[in-house]
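Scroll down for the structure; my scribbles are underneath it.
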Amino acid sequence: MNLKKSLLLVTVILIIDQISKIYIKTHFTYQESVAVFDWFQILFIENSGAAWGAKLSDFLPVSESTGKLILTIFRLLAITGIGYWLYDTIKKNSPNTLILAVSLIFAGAVGNILDSVFYGTLFNESTPSQVATLFSDEPYDSIFYGKVVDMLHFPIIKGAVWPEWVPYFGGSTFNFFEPVFNIADMAISTGVGVLLVFNKKAFGDKKNEAVADVEESQIEEPQVEVNEYVFSGVTQ
């Protein structure tokens, strides 16, 4: 996969991700849901923290606002590193599996950082009774303090009960799958999954593989040598 194909993939994912988020943000009230199937629904929520809604202020003695700023800056640094990783893998002509995986991770990371950096200045607040407006005169926050829009929910199992012997959770109910995510999250998860499942292909030495293929193709079929004296005797 060359640079153009990688950038095309990243661009397509970003367009789909941002269109879906802007549509949900400007057409759904907060926590509004639409059932597509019994096991899949569109559920609009916003995530102001890290994965699974965690906040830095939950773990460090900092304010929620400071934690959000630190997290956004960290994400920007992480994207810079992932972007360089992608460029380096393409430059070194790494296996297509690795380039594909890094492209997916990079696209997903950029998709979510756009929310964190800009959405606070582009939209007003989403509430259970109010649909947000794009380019609002009363944005809900400032740059770097935006919330990530999530909408994909797969409650495949509803109201299941933990066995009594399970520590802490025993006897309580739960849903599977509980988290709500977005297209960018899917891209990141898919990229990581590709790296885990196809680890050998992703991090194999492409040059060595190419040399091995060439050497294999150049193996000649064994030839039978015929004694020239036997041959001459047969022909006489």
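Letters for chains follow the order of the structure tokens (A, B, ...), residue numbers begin at 1 for each chain, and ligand numbers begin at 1 in the order shown.
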
| request: Please run DSSP on the backbone and report, as a PyMOL selection string, all residues within region 16-198 of chain A that come out as strand (DSSP E). | output: chain A and resi 33-37+40-47+148-153+157-161+173-176+180-181

| request: Please run DSSP on the backbone and report, as a count of residues only, all residues within region 3-94 of chain A that come out as alpha helix (DSSP H). | output: 53

| Who sits within 7 Å of Ser116 (chain A), only C-alpha atoms, same chain under 5 positions skipped, as an MDAnalysis selection string | chainID A and resid 72 144:148

Export of prior selection with C-alpha atoms as a PDB file, in the first residue's frame:
```pdb
ATOM      1  CA  THR A  72      -6.380  16.616  24.609  1.00  0.00           C
ATOM      2  CA  PHE A 144      -9.499  21.926  23.267  1.00  0.00           C
ATOM      3  CA  TYR A 145     -12.548  21.291  25.469  1.00  0.00           C
ATOM      4  CA  GLY A 146     -14.883  19.577  23.046  1.00  0.00           C
ATOM      5  CA  LYS A 147     -16.733  16.325  23.738  1.00  0.00           C
ATOM      6  CA  VAL A 148     -16.465  13.227  21.562  1.00  0.00           C
TER       7      VAL A 148
END
```

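Non-sequential neighbours of Phe106 (chain A) (distance at most 7 Å, separation of 4 or more positions within a chain, only C-alpha atoms) are A:Ile79, A:Ile82, A:Gly83, A:Val102, A:Val110.
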
| Please, what distance in Å, to one decimal, runs between CA of Val180 (chain A) and CA of Met151 (chain A)? | 6.0 Å

Residue contacts of Ile143 (chain A) (12 Å, only C-alpha atoms) excluding same-chain residues fewer than 4 positions away, as a PDB file with N, CA and C atoms, in the first residue's frame:
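File produced: result39.pdb:
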```
ATOM      1  N   LYS A  68      -9.057  17.497  31.295  1.00  0.00           N
ATOM      2  CA  LYS A  68      -9.490  17.469  29.904  1.00  0.00           C
ATOM      3  C   LYS A  68      -8.442  18.095  28.991  1.00  0.00           C
ATOM      4  N   LEU A  69      -7.855  19.209  29.404  1.00  0.00           N
ATOM      5  CA  LEU A  69      -6.830  19.873  28.605  1.00  0.00           C
ATOM      6  C   LEU A  69      -5.597  18.990  28.462  1.00  0.00           C
ATOM      7  N   THR A  72      -6.345  16.170  26.001  1.00  0.00           N
ATOM      8  CA  THR A  72      -6.380  16.616  24.609  1.00  0.00           C
ATOM      9  C   THR A  72      -4.966  16.837  24.072  1.00  0.00           C
ATOM     10  N   ILE A  73      -4.111  17.459  24.872  1.00  0.00           N
ATOM     11  CA  ILE A  73      -2.726  17.679  24.456  1.00  0.00           C
ATOM     12  C   ILE A  73      -2.008  16.345  24.256  1.00  0.00           C
ATOM     13  N   ILE A 113      -9.922  13.286  17.814  1.00  0.00           N
ATOM     14  CA  ILE A 113      -9.278  14.517  18.274  1.00  0.00           C
ATOM     15  C   ILE A 113      -9.943  15.740  17.658  1.00  0.00           C
ATOM     16  N   LEU A 114     -10.544  15.594  16.479  1.00  0.00           N
ATOM     17  CA  LEU A 114     -11.279  16.720  15.893  1.00  0.00           C
ATOM     18  C   LEU A 114     -12.432  17.128  16.803  1.00  0.00           C
ATOM     19  N   ASP A 115     -13.110  16.143  17.388  1.00  0.00           N
ATOM     20  CA  ASP A 115     -14.181  16.436  18.339  1.00  0.00           C
ATOM     21  C   ASP A 115     -13.635  17.177  19.552  1.00  0.00           C
ATOM     22  N   SER A 116     -12.564  16.630  20.110  1.00  0.00           N
ATOM     23  CA  SER A 116     -12.009  17.192  21.346  1.00  0.00           C
ATOM     24  C   SER A 116     -11.499  18.617  21.162  1.00  0.00           C
ATOM     25  N   VAL A 117     -10.917  18.896  20.013  1.00  0.00           N
ATOM     26  CA  VAL A 117     -10.319  20.216  19.787  1.00  0.00           C
ATOM     27  C   VAL A 117     -11.356  21.250  19.355  1.00  0.00           C
ATOM     28  N   PHE A 118     -12.260  20.883  18.430  1.00  0.00           N
ATOM     29  CA  PHE A 118     -13.090  21.890  17.782  1.00  0.00           C
ATOM     30  C   PHE A 118     -14.571  21.900  18.159  1.00  0.00           C
ATOM     31  N   TYR A 119     -15.126  20.760  18.576  1.00  0.00           N
ATOM     32  CA  TYR A 119     -16.576  20.699  18.754  1.00  0.00           C
ATOM     33  C   TYR A 119     -17.089  21.662  19.818  1.00  0.00           C
ATOM     34  N   GLY A 120     -16.273  21.957  20.818  1.00  0.00           N
ATOM     35  CA  GLY A 120     -16.709  22.893  21.850  1.00  0.00           C
ATOM     36  C   GLY A 120     -16.956  24.287  21.320  1.00  0.00           C
ATOM     37  N   THR A 121     -16.304  24.639  20.217  1.00  0.00           N
ATOM     38  CA  THR A 121     -16.463  25.973  19.615  1.00  0.00           C
ATOM     39  C   THR A 121     -17.459  25.984  18.461  1.00  0.00           C
ATOM     40  N   LEU A 122     -17.906  24.792  18.014  1.00  0.00           N
ATOM     41  CA  LEU A 122     -18.781  24.718  16.842  1.00  0.00           C
ATOM     42  C   LEU A 122     -20.250  24.513  17.189  1.00  0.00           C
ATOM     43  N   PHE A 123     -20.521  23.874  18.326  1.00  0.00           N
ATOM     44  CA  PHE A 123     -21.899  23.520  18.685  1.00  0.00           C
ATOM     45  C   PHE A 123     -22.293  24.156  20.018  1.00  0.00           C
ATOM     46  N   PRO A 139     -21.540  28.680  21.742  1.00  0.00           N
ATOM     47  CA  PRO A 139     -20.884  27.366  21.836  1.00  0.00           C
ATOM     48  C   PRO A 139     -20.796  26.901  23.287  1.00  0.00           C
ATOM     49  N   LYS A 147     -16.348  17.678  23.320  1.00  0.00           N
ATOM     50  CA  LYS A 147     -16.733  16.325  23.738  1.00  0.00           C
ATOM     51  C   LYS A 147     -16.834  15.432  22.501  1.00  0.00           C
TER      52      LYS A 147
END
```
